[in-house]
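Raw contents of final_14.cif, mmCIF, C-alpha atoms (C1' of nucleotides):
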data_start
#
loop_
_atom_site.label_atom_id
_atom_site.label_comp_id
_atom_site.auth_asym_id
_atom_site.auth_seq_id
_atom_site.Cartn_x
_atom_site.Cartn_y
_atom_site.Cartn_z
CA MET A 72 -1.40 0.14 6.80
CA PRO A 73 0.83 3.11 7.26
CA GLU A 74 -0.62 6.10 5.52
CA LEU A 75 -0.09 9.74 6.35
CA VAL A 76 -1.73 9.30 9.75
CA GLU A 77 0.50 6.46 10.89
CA VAL A 78 3.68 8.09 9.62
CA GLU A 79 2.79 11.27 11.48
CA TYR A 80 2.50 9.16 14.63
CA TYR A 81 5.88 7.66 13.89
CA ARG A 82 7.36 11.12 13.49
CA ARG A 83 6.00 12.36 16.79
CA ALA A 84 7.16 9.25 18.58
CA ALA A 85 10.69 9.77 17.32
CA LEU A 86 10.90 13.44 18.31
CA PRO A 87 12.68 12.68 21.61
CA LEU A 88 15.64 11.53 19.53
CA VAL A 89 16.21 14.98 18.05
CA GLY A 90 19.61 16.16 19.21
CA ALA A 91 20.96 12.65 19.68
CA THR A 92 24.10 11.41 17.99
CA ILE A 93 23.96 8.46 15.61
CA GLU A 94 26.47 5.93 16.83
CA ARG A 95 25.76 3.12 14.42
CA VAL A 96 23.45 2.12 11.60
CA THR A 97 22.75 -1.59 11.30
CA VAL A 98 21.18 -2.88 8.12
CA ARG A 99 19.68 -6.21 9.06
CA ASP A 100 18.31 -6.86 5.59
CA GLU A 101 20.00 -5.38 2.55
CA ARG A 102 16.77 -5.55 0.60
CA PHE A 103 15.36 -2.80 2.76
CA VAL A 104 17.86 -0.25 1.43
CA ARG A 105 17.33 1.60 -1.80
CA PRO A 106 18.88 1.79 -4.19
CA ALA A 107 20.04 -1.79 -4.00
CA GLY A 108 23.55 -2.08 -2.69
CA GLY A 109 23.41 1.25 -0.89
CA ALA A 110 23.77 -0.10 2.62
CA ALA A 111 27.43 0.75 3.06
CA ARG A 112 26.97 4.27 1.78
CA LEU A 113 23.98 4.70 4.08
CA ARG A 114 25.97 3.61 7.13
CA ARG A 115 28.91 5.83 6.29
CA ALA A 116 26.82 8.91 5.63
CA LEU A 117 24.83 8.70 8.85
CA ARG A 118 27.35 7.44 11.38
CA GLY A 119 28.53 10.13 13.75
CA GLY A 120 25.89 12.61 12.68
CA ARG A 121 23.46 14.41 14.92
CA ILE A 122 19.69 14.16 14.42
CA ASP A 123 18.61 17.72 13.69
CA GLY A 124 14.94 17.15 12.97
CA LEU A 125 12.16 14.87 11.82
CA GLU A 126 9.97 15.76 8.90
CA ARG A 127 7.17 14.05 7.10
CA ILE A 128 6.00 14.54 3.54
CA GLY A 129 3.07 12.33 2.79
CA LYS A 130 4.06 8.82 3.81
CA LEU A 131 7.77 9.60 3.75
CA LEU A 132 9.53 10.13 7.08
CA ILE A 133 12.74 12.10 6.84
CA VAL A 134 15.36 11.98 9.57
CA ARG A 135 17.52 15.04 9.05
CA THR A 136 21.04 14.71 10.38
CA SER A 137 23.99 17.05 10.35
CA GLY A 138 25.47 15.10 7.47
CA ALA A 139 22.67 13.68 5.39
CA SER A 140 19.00 12.75 5.44
CA LEU A 141 17.55 9.33 6.03
CA GLY A 142 14.29 8.68 4.24
CA LEU A 143 12.05 5.95 5.60
CA ARG A 144 9.09 4.47 3.77
CA PHE A 145 6.95 1.95 5.56
CA GLY A 146 5.11 0.24 2.76
CA MET A 147 2.13 -1.62 4.04
CA THR A 148 3.46 -3.40 7.09
CA GLY A 149 6.30 -1.23 8.36
CA VAL A 150 6.34 -0.06 11.98
CA LEU A 151 8.72 2.40 13.57
CA VAL A 152 10.16 1.17 16.85
CA VAL A 153 11.62 3.82 19.17
CA GLU A 154 13.73 2.67 22.09
CA GLY A 155 12.26 -0.79 21.86
CA THR A 156 8.66 0.38 21.97
CA ASP A 157 6.26 0.17 19.07
CA THR A 158 4.92 3.55 18.06
CA LEU A 159 1.62 1.95 17.07
CA ASP A 160 -0.16 -0.94 18.73
CA GLU A 161 -1.26 -2.59 15.54
CA LEU A 162 -1.63 -2.23 11.83
CA VAL A 163 -4.74 -3.36 10.06
CA TYR A 164 -3.08 -5.71 7.62
CA GLY A 165 0.07 -6.32 9.60
CA PRO A 166 0.72 -9.39 11.70
CA THR A 167 0.10 -8.96 15.40
CA ARG A 168 3.18 -10.99 16.18
CA ARG A 169 6.44 -9.10 16.64
CA ASP A 170 9.14 -11.33 15.29
CA PRO A 171 12.60 -9.83 15.91
CA ALA A 172 13.64 -11.24 12.54
CA TRP A 173 11.38 -8.66 10.89
CA VAL A 174 13.54 -5.77 12.07
CA ARG A 175 15.25 -4.57 8.89
CA LEU A 176 17.11 -1.49 10.09
CA VAL A 177 18.41 -0.25 13.43
CA VAL A 178 19.77 3.24 14.04
CA THR A 179 21.61 3.27 17.33
CA THR A 180 21.76 6.75 18.85
CA SER A 181 23.00 8.29 22.06
CA ALA A 182 19.39 8.65 23.18
CA GLY A 183 18.14 5.21 22.21
CA ASP A 184 17.44 3.07 19.17
CA LEU A 185 15.33 3.84 16.17
CA ALA A 186 14.30 0.71 14.30
CA VAL A 187 11.99 -0.36 11.51
CA ARG A 188 10.15 -3.64 11.66
CA ASP A 189 8.66 -4.57 8.33
CA PRO A 190 7.60 -8.18 7.76
CA ARG A 191 7.04 -7.85 4.05
CA ILE A 192 9.85 -5.45 3.21
CA LEU A 193 7.55 -3.27 1.15
CA GLY A 194 9.08 -0.29 2.87
CA SER A 195 12.58 1.02 2.38
CA ALA A 196 15.35 3.25 3.66
CA GLU A 197 16.96 5.71 1.31
CA LEU A 198 19.76 8.21 1.73
CA ASP A 199 18.84 11.77 0.80
CA PRO A 200 15.49 10.84 -0.74
CA ASP A 201 14.26 12.88 -3.67
CA THR A 202 11.21 14.76 -2.48
CA SER A 203 10.75 16.83 -5.62
CA ARG A 204 8.36 14.30 -7.09
CA LEU A 205 5.97 14.39 -4.17
CA GLY A 206 2.83 16.48 -4.35
CA PRO A 207 1.66 18.76 -1.54
CA ASP A 208 1.11 17.00 1.76
CA ALA A 209 -2.53 16.07 2.19
CA LEU A 210 -2.66 17.50 5.70
CA GLY A 211 -1.81 21.02 4.59
CA VAL A 212 -3.01 21.06 1.01
CA THR A 213 -5.02 24.11 0.01
CA ALA A 214 -8.24 23.94 -1.95
CA GLY A 215 -6.44 25.50 -4.88
CA GLN A 216 -3.68 22.91 -4.77
CA LEU A 217 -6.23 20.13 -4.60
CA ALA A 218 -8.08 21.55 -7.57
CA ALA A 219 -4.83 21.68 -9.51
CA ALA A 220 -4.06 18.09 -8.61
CA LEU A 221 -7.38 16.95 -10.05
CA SER A 222 -7.91 19.24 -13.00
CA GLY A 223 -7.67 18.16 -16.58
CA SER A 224 -7.54 14.45 -15.95
CA SER A 225 -9.92 11.68 -16.90
CA VAL A 226 -8.24 9.31 -14.46
CA PRO A 227 -10.59 7.98 -11.78
CA LEU A 228 -10.81 10.40 -8.88
CA LYS A 229 -9.57 7.86 -6.38
CA ALA A 230 -6.54 6.98 -8.50
CA ARG A 231 -5.64 10.65 -8.57
CA LEU A 232 -5.92 10.93 -4.79
CA LEU A 233 -3.59 7.95 -4.45
CA ASP A 234 -1.03 9.43 -6.84
CA GLN A 235 1.75 10.60 -4.52
CA GLN A 236 3.11 12.89 -7.21
CA ARG A 237 -0.13 14.87 -7.15
CA LEU A 238 -1.04 14.64 -3.49
CA ALA A 239 1.17 13.06 -0.85
CA GLY A 240 -0.07 10.95 2.02
CA VAL A 241 -3.41 9.47 1.01
CA GLY A 242 -3.50 5.68 0.87
CA ASN A 243 -6.26 3.22 0.14
CA LEU A 244 -8.18 3.40 3.41
CA ILE A 245 -8.09 7.19 3.69
CA ALA A 246 -9.15 7.56 0.06
CA ASP A 247 -12.24 5.40 0.58
CA GLU A 248 -13.08 7.23 3.80
CA VAL A 249 -12.75 10.71 2.32
CA LEU A 250 -14.71 9.90 -0.83
CA TRP A 251 -17.45 8.33 1.24
CA ARG A 252 -17.67 11.39 3.48
CA ALA A 253 -17.65 13.72 0.51
CA SER A 254 -20.30 11.68 -1.33
CA LEU A 255 -18.14 11.33 -4.39
CA HIS A 256 -17.90 8.23 -6.58
CA PRO A 257 -14.34 6.87 -6.73
CA GLN A 258 -14.61 6.38 -10.50
CA ARG A 259 -15.65 9.91 -11.31
CA PRO A 260 -13.12 11.36 -13.75
CA ALA A 261 -10.85 13.47 -11.59
CA GLY A 262 -11.23 16.51 -13.79
CA SER A 263 -15.01 16.33 -13.85
CA LEU A 264 -15.56 17.70 -10.36
CA THR A 265 -17.29 21.03 -10.13
CA PRO A 266 -15.58 23.75 -8.08
CA ALA A 267 -18.16 23.14 -5.34
CA GLU A 268 -17.33 19.44 -5.32
CA VAL A 269 -13.62 20.16 -5.09
CA ARG A 270 -14.25 22.41 -2.10
CA ARG A 271 -16.41 19.72 -0.53
CA LEU A 272 -13.69 17.14 -1.10
CA HIS A 273 -11.10 19.48 0.37
CA ARG A 274 -13.17 20.08 3.47
CA HIS A 275 -13.78 16.38 4.04
CA LEU A 276 -10.14 15.54 3.39
CA ARG A 277 -9.09 17.89 6.14
CA THR A 278 -11.72 16.84 8.66
CA ALA A 279 -11.22 13.14 7.94
CA LEU A 280 -7.48 13.44 8.50
CA ASP A 281 -8.08 15.37 11.71
CA ASP A 282 -10.51 12.71 12.89
CA LEU A 283 -8.18 9.86 12.01
CA LEU A 284 -5.25 11.54 13.73
CA ALA A 285 -7.36 12.02 16.84
CA ALA A 286 -8.68 8.46 16.69
CA GLY A 287 -5.27 6.90 16.27
CA GLY A 288 -5.02 5.51 12.77
CA SER A 289 -6.16 5.45 9.16
CA HIS A 290 -8.19 2.34 9.93
CA GLN A 291 -10.44 4.26 12.36
CA GLY A 292 -12.65 5.64 9.64
CA ARG A 293 -16.38 5.20 9.73
CA ILE A 294 -16.49 3.17 6.54
CA THR A 295 -13.48 1.01 7.39
CA PRO A 296 -15.32 -1.65 9.43
CA GLU A 297 -17.74 -2.04 6.52
CA ARG A 298 -15.05 -2.67 3.90
CA ARG A 299 -15.87 -6.36 3.76
CA PRO A 300 -18.40 -8.65 2.06
CA GLY A 301 -21.81 -7.81 3.47
CA GLY A 302 -20.70 -4.38 4.63
CA ARG A 303 -23.25 -1.57 4.64
CA CYS A 304 -23.09 2.18 4.36
CA PRO A 305 -22.97 3.65 7.88
CA ARG A 306 -25.08 6.56 6.69
CA ASP A 307 -27.98 4.92 4.91
CA GLY A 308 -27.55 1.15 5.32
CA THR A 309 -27.12 0.47 1.62
CA PRO A 310 -24.94 -2.56 0.86
CA LEU A 311 -21.54 -1.28 -0.20
CA ARG A 312 -20.15 -1.97 -3.65
CA ARG A 313 -16.69 -3.25 -4.30
CA ALA A 314 -14.42 -2.87 -7.30
CA THR A 315 -10.79 -2.35 -8.18
CA VAL A 316 -10.06 1.32 -8.79
CA GLY A 317 -6.58 2.63 -9.35
CA GLY A 318 -5.32 -0.89 -8.76
CA ARG A 319 -6.75 -0.94 -5.24
CA THR A 320 -9.70 -2.63 -3.64
CA THR A 321 -12.34 0.05 -3.36
CA TRP A 322 -15.58 0.15 -1.40
CA TRP A 323 -18.29 2.77 -1.78
CA CYS A 324 -21.96 3.41 -1.21
CA PRO A 325 -23.90 3.24 -4.49
CA ALA A 326 -26.75 5.25 -2.99
CA HIS A 327 -24.95 8.45 -2.14
CA GLN A 328 -21.69 8.20 -4.06
CA THR A 329 -22.96 8.40 -7.60
CA LEU A 330 -21.27 8.84 -10.96
CA THR A 331 -23.48 11.72 -11.93
CA PRO A 332 -23.31 14.70 -9.61
CA GLY A 333 -26.32 15.90 -7.76
CA THR A 334 -28.73 13.06 -8.49
CA ALA A 335 -28.61 11.23 -5.20
CA GLY A 336 -28.68 13.82 -2.52
CA GLY A 337 -25.49 13.15 -0.68
CA ASP A 338 -24.51 15.98 1.60
CA THR A 339 -24.41 18.61 -1.06
CA ARG A 340 -24.83 21.94 0.64
CA ARG A 341 -26.29 25.15 -0.55
CA ALA A 342 -23.62 27.24 -2.13
CA GLY A 343 -22.23 29.41 0.57
CA ARG A 344 -22.31 33.17 0.31
"C1'" DA B 1449 4.16 13.43 -21.57
"C1'" DT B 1450 0.39 10.45 -19.21
"C1'" DT B 1451 -1.66 6.33 -17.79
"C1'" DG B 1452 -2.17 1.46 -16.76
"C1'" DT B 1453 -0.28 -3.02 -15.35
"C1'" DG B 1454 2.57 -6.50 -13.17
"C1'" DG B 1455 5.87 -7.78 -9.74
"C1'" DC B 1456 8.01 -7.52 -5.42
"C1'" DC B 1457 7.57 -9.19 -0.59
"C1'" DT B 1458 5.40 -12.47 3.21
"C1'" DG B 1459 1.85 -13.50 6.83
"C1'" DC B 1460 -2.63 -14.98 7.27
"C1'" DC B 1461 -6.89 -17.35 6.30
"C1'" DC B 1462 -9.90 -20.35 3.97
"C1'" DG B 1463 -11.16 -24.69 1.87
"C1'" DC B 1464 -9.90 -29.26 0.96
"C1'" DT C 458 -3.85 -31.85 10.63
"C1'" DG C 459 -1.21 -30.01 6.85
"C1'" DC C 460 -1.09 -27.74 2.56
"C1'" DG C 461 -1.88 -24.65 -1.38
"C1'" DG C 462 -4.01 -20.77 -3.34
"C1'" DG C 463 -5.66 -16.28 -2.88
"C1'" DC C 464 -5.42 -11.89 -0.80
"C1'" DA C 465 -3.64 -7.56 1.23
"C1'" DG C 466 -1.31 -2.73 -1.22
"C1'" DG C 467 2.86 0.95 -1.36
"C1'" DC C 468 6.03 1.56 -4.54
"C1'" DC C 469 8.64 1.04 -8.72
"C1'" DA C 470 9.90 -0.65 -13.33
"C1'" DC C 471 8.11 -1.01 -17.51
"C1'" DA C 472 4.96 -0.75 -21.54
"C1'" DA C 473 1.81 1.57 -24.53
#
Rendering of file as structure tokens:
Amino acid sequence: MPELVEVEYYRRAALPLVGATIERVTVRDERFVRPAGGAARLRRALRGGRIDGLERIGKLLIVRTSGASLGLRFGMTGVLVVEGTDTLDELVYGPTRRDPAWVRLVVTTSAGDLAVRDPRILGSAELDPDTSRLGPDALGVTAGQLAAALSGSSVPLKARLLDQQRLAGVGNLIADEVLWRASLHPQRPAGSLTPAEVRRLHRHLRTALDDLLAAGGSHQGRITPERRPGGRCPRDGTPLRRATVGGRTTWWCPAHQTLTPGTAGGDTRRAGR
DNA sequence: ATTGTGGCCTGCCCGC
DNA sequence: TGCGGGCAGGCCACAA
């Protein structure tokens, strides 16, 4: 599914369109536009504008034009199509078929088309999206920012990582991957992490995102192929556990991701310095 | 204010 | 072979 990693790929793929003029915006399915009924306003605001830049905050892609901004969210099955070419070969939970009827929005520019194909319409297009409610982007978050996002909360750690208002960009697969790498139980109260654990989480968040970007998708994690009945921990072979955490299907290793810190080894390191 | 839950949306897969 | 139920989860509205 599109998480930060996929949306960053989308952004890079669309970069050749910077400088192009928007000739037409075609809303193929009104349900894709938010707020409801905003299609006409969206078309008017964007038509004739020039694409000045492409930004990404978390899972939100922002097409900045000379007149307004177009915010694109991809939900779970949304794919960005640039000049008729998919910017990703496949999504984990998305259909492999490419039905033209699933194209919900087409932005026709002087340099080619930008389109969104989204079978389930869980994504959306929004004019001048409000970004003030998004937390720091997970790719550039500092350890201090991460600590602030977690502190003082008894909410399960994973739920906090998925909260886009606290930290933007982490979705279900990345959350499981990072927590597995950091040897942290997804149900640990977010505020219960020691400073050393927060630093460990921060380090693994960064390296996991780097790895996933290099590997080509949020589904390329080491734990991802084991997120299934019968799956085992790639590190120690322990059968993975499954539960719903933060409303999402969650898999973790009960041997090295424990609820009580420090009792099961993990990769806890000697305190540096 | 924070936190949890249900619904949206549809393709796919399994069992009957 | 067709069919129905369950499942996938990002986001938002809503409730407590």
Distance criterion (all atoms listed in the file): nearest to chain B out of A:Arg293, A:Val98, A:Asp234, A:Val89: A:Asp234
At what distance in Å, to one decimal, does atom CA of A:Phe103 lie from atom CA of A:Arg118?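 The value is 18.0 Å.
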Expansion of the PyMOL selection byres ((chain A) within 9 of (chain C)) into residues, as a PyMOL selection string: chain A and resi 72+144-147+164+193-194+242-243+318-320
Chain A contacts to chain B at 9 Å (all atoms listed in the file) as a PyMOL selection string: chain A and resi 165-166+190-193+226+317-318
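In this structure, atom CA of A:Glu297 sits 27.1 Å away from atom CA of A:Arg169.
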d(atom CA of A:Val96, atom CA of A:Gly183) in Å: 12.3 Å
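Under the PyMOL selection byres ((chain A and resi 300) around 10), the matching residues in the shown file are Glu297, Arg298, Arg299, Gly301, Gly302, Arg303, Pro310, Leu311, Arg312, Arg313 and Trp322 of chain A.
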Which residues come within 6 Å of stretch 130-136 of chain A, counting only C-alpha atoms (C1' of nucleotides), excluding same-chain residues fewer than 5 positions away, as a list of chain:residue names? A:Glu74, A:Leu75, A:Val78, A:Gly120, A:Arg121, A:Ile122, A:Asp123, A:Gly124, A:Leu125, A:Leu141, A:Gly142, A:Leu143, A:Arg144, A:Gly240
Name the residues that the PyMOL selection byres ((chain A and resi 207-223) around 8) pulls out of this structure, and write them as a PyMOL selection string. chain A and resi 75+128-129+205-206+224-225+228+231+237-241+261-263+266+269-270+273+276-277+280
Could you work out an axis-aligned box for stretch 1452-1459 of chain B, taking every atom the file lists and adding 4 Å on each side, and report centre and edge lengths in Å to one decimal, as lines of an AutoDock Vina configuration file?
center_x = 2.9
center_y = -6.0
center_z = -5.0
size_x = 18.2
size_y = 23.0
size_z = 31.6
For stretch 81-100 of chain A, which lacks atoms in the input, supply N, CA and C atoms and format the output as a PDB file, in the frame of the given file.
ATOM      1  N   TYR A  81       4.477   8.088  13.805  1.00  0.00           N
ATOM      2  CA  TYR A  81       5.880   7.660  13.890  1.00  0.00           C
ATOM      3  C   TYR A  81       6.779   8.866  14.125  1.00  0.00           C
ATOM      4  N   ARG A  82       6.532   9.915  13.378  1.00  0.00           N
ATOM      5  CA  ARG A  82       7.360  11.120  13.490  1.00  0.00           C
ATOM      6  C   ARG A  82       7.320  11.680  14.913  1.00  0.00           C
ATOM      7  N   ARG A  83       6.134  11.798  15.443  1.00  0.00           N
ATOM      8  CA  ARG A  83       6.000  12.360  16.790  1.00  0.00           C
ATOM      9  C   ARG A  83       6.679  11.476  17.827  1.00  0.00           C
ATOM     10  N   ALA A  84       6.567  10.170  17.604  1.00  0.00           N
ATOM     11  CA  ALA A  84       7.160   9.250  18.580  1.00  0.00           C
ATOM     12  C   ALA A  84       8.684   9.331  18.572  1.00  0.00           C
ATOM     13  N   ALA A  85       9.234   9.727  17.432  1.00  0.00           N
ATOM     14  CA  ALA A  85      10.690   9.770  17.320  1.00  0.00           C
ATOM     15  C   ALA A  85      11.271  11.110  17.738  1.00  0.00           C
ATOM     16  N   LEU A  86      10.421  12.094  17.987  1.00  0.00           N
ATOM     17  CA  LEU A  86      10.900  13.440  18.310  1.00  0.00           C
ATOM     18  C   LEU A  86      11.879  13.489  19.488  1.00  0.00           C
ATOM     19  N   PRO A  87      11.711  12.638  20.498  1.00  0.00           N
ATOM     20  CA  PRO A  87      12.680  12.680  21.610  1.00  0.00           C
ATOM     21  C   PRO A  87      14.127  12.393  21.183  1.00  0.00           C
ATOM     22  N   LEU A  88      14.281  11.853  19.980  1.00  0.00           N
ATOM     23  CA  LEU A  88      15.640  11.530  19.530  1.00  0.00           C
ATOM     24  C   LEU A  88      16.326  12.715  18.850  1.00  0.00           C
ATOM     25  N   VAL A  89      15.587  13.793  18.655  1.00  0.00           N
ATOM     26  CA  VAL A  89      16.210  14.980  18.050  1.00  0.00           C
ATOM     27  C   VAL A  89      17.306  15.492  18.986  1.00  0.00           C
ATOM     28  N   GLY A  90      18.463  15.730  18.413  1.00  0.00           N
ATOM     29  CA  GLY A  90      19.610  16.160  19.210  1.00  0.00           C
ATOM     30  C   GLY A  90      20.564  15.029  19.540  1.00  0.00           C
ATOM     31  N   ALA A  91      20.108  13.807  19.363  1.00  0.00           N
ATOM     32  CA  ALA A  91      20.960  12.650  19.680  1.00  0.00           C
ATOM     33  C   ALA A  91      21.995  12.431  18.577  1.00  0.00           C
ATOM     34  N   THR A  92      23.039  11.752  18.939  1.00  0.00           N
ATOM     35  CA  THR A  92      24.100  11.410  17.990  1.00  0.00           C
ATOM     36  C   THR A  92      23.924   9.983  17.481  1.00  0.00           C
ATOM     37  N   ILE A  93      24.063   9.813  16.190  1.00  0.00           N
ATOM     38  CA  ILE A  93      23.960   8.460  15.610  1.00  0.00           C
ATOM     39  C   ILE A  93      25.275   7.735  15.790  1.00  0.00           C
ATOM     40  N   GLU A  94      25.242   6.677  16.552  1.00  0.00           N
ATOM     41  CA  GLU A  94      26.470   5.930  16.830  1.00  0.00           C
ATOM     42  C   GLU A  94      26.702   4.820  15.807  1.00  0.00           C
ATOM     43  N   ARG A  95      25.608   4.276  15.304  1.00  0.00           N
ATOM     44  CA  ARG A  95      25.760   3.120  14.420  1.00  0.00           C
ATOM     45  C   ARG A  95      24.466   2.918  13.647  1.00  0.00           C
ATOM     46  N   VAL A  96      24.613   2.485  12.414  1.00  0.00           N
ATOM     47  CA  VAL A  96      23.450   2.120  11.600  1.00  0.00           C
ATOM     48  C   VAL A  96      23.618   0.659  11.197  1.00  0.00           C
ATOM     49  N   THR A  97      22.674  -0.157  11.594  1.00  0.00           N
ATOM     50  CA  THR A  97      22.750  -1.590  11.300  1.00  0.00           C
ATOM     51  C   THR A  97      21.678  -1.972  10.290  1.00  0.00           C
ATOM     52  N   VAL A  98      22.124  -2.407   9.139  1.00  0.00           N
ATOM     53  CA  VAL A  98      21.180  -2.880   8.120  1.00  0.00           C
ATOM     54  C   VAL A  98      21.035  -4.384   8.290  1.00  0.00           C
ATOM     55  N   ARG A  99      19.892  -4.789   8.803  1.00  0.00           N
ATOM     56  CA  ARG A  99      19.680  -6.210   9.060  1.00  0.00           C
ATOM     57  C   ARG A  99      19.301  -6.956   7.794  1.00  0.00           C
ATOM     58  N   ASP A 100      18.698  -6.236   6.854  1.00  0.00           N
ATOM     59  CA  ASP A 100      18.310  -6.860   5.590  1.00  0.00           C
ATOM     60  C   ASP A 100      18.613  -5.881   4.455  1.00  0.00           C
TER      61      ASP A 100
END
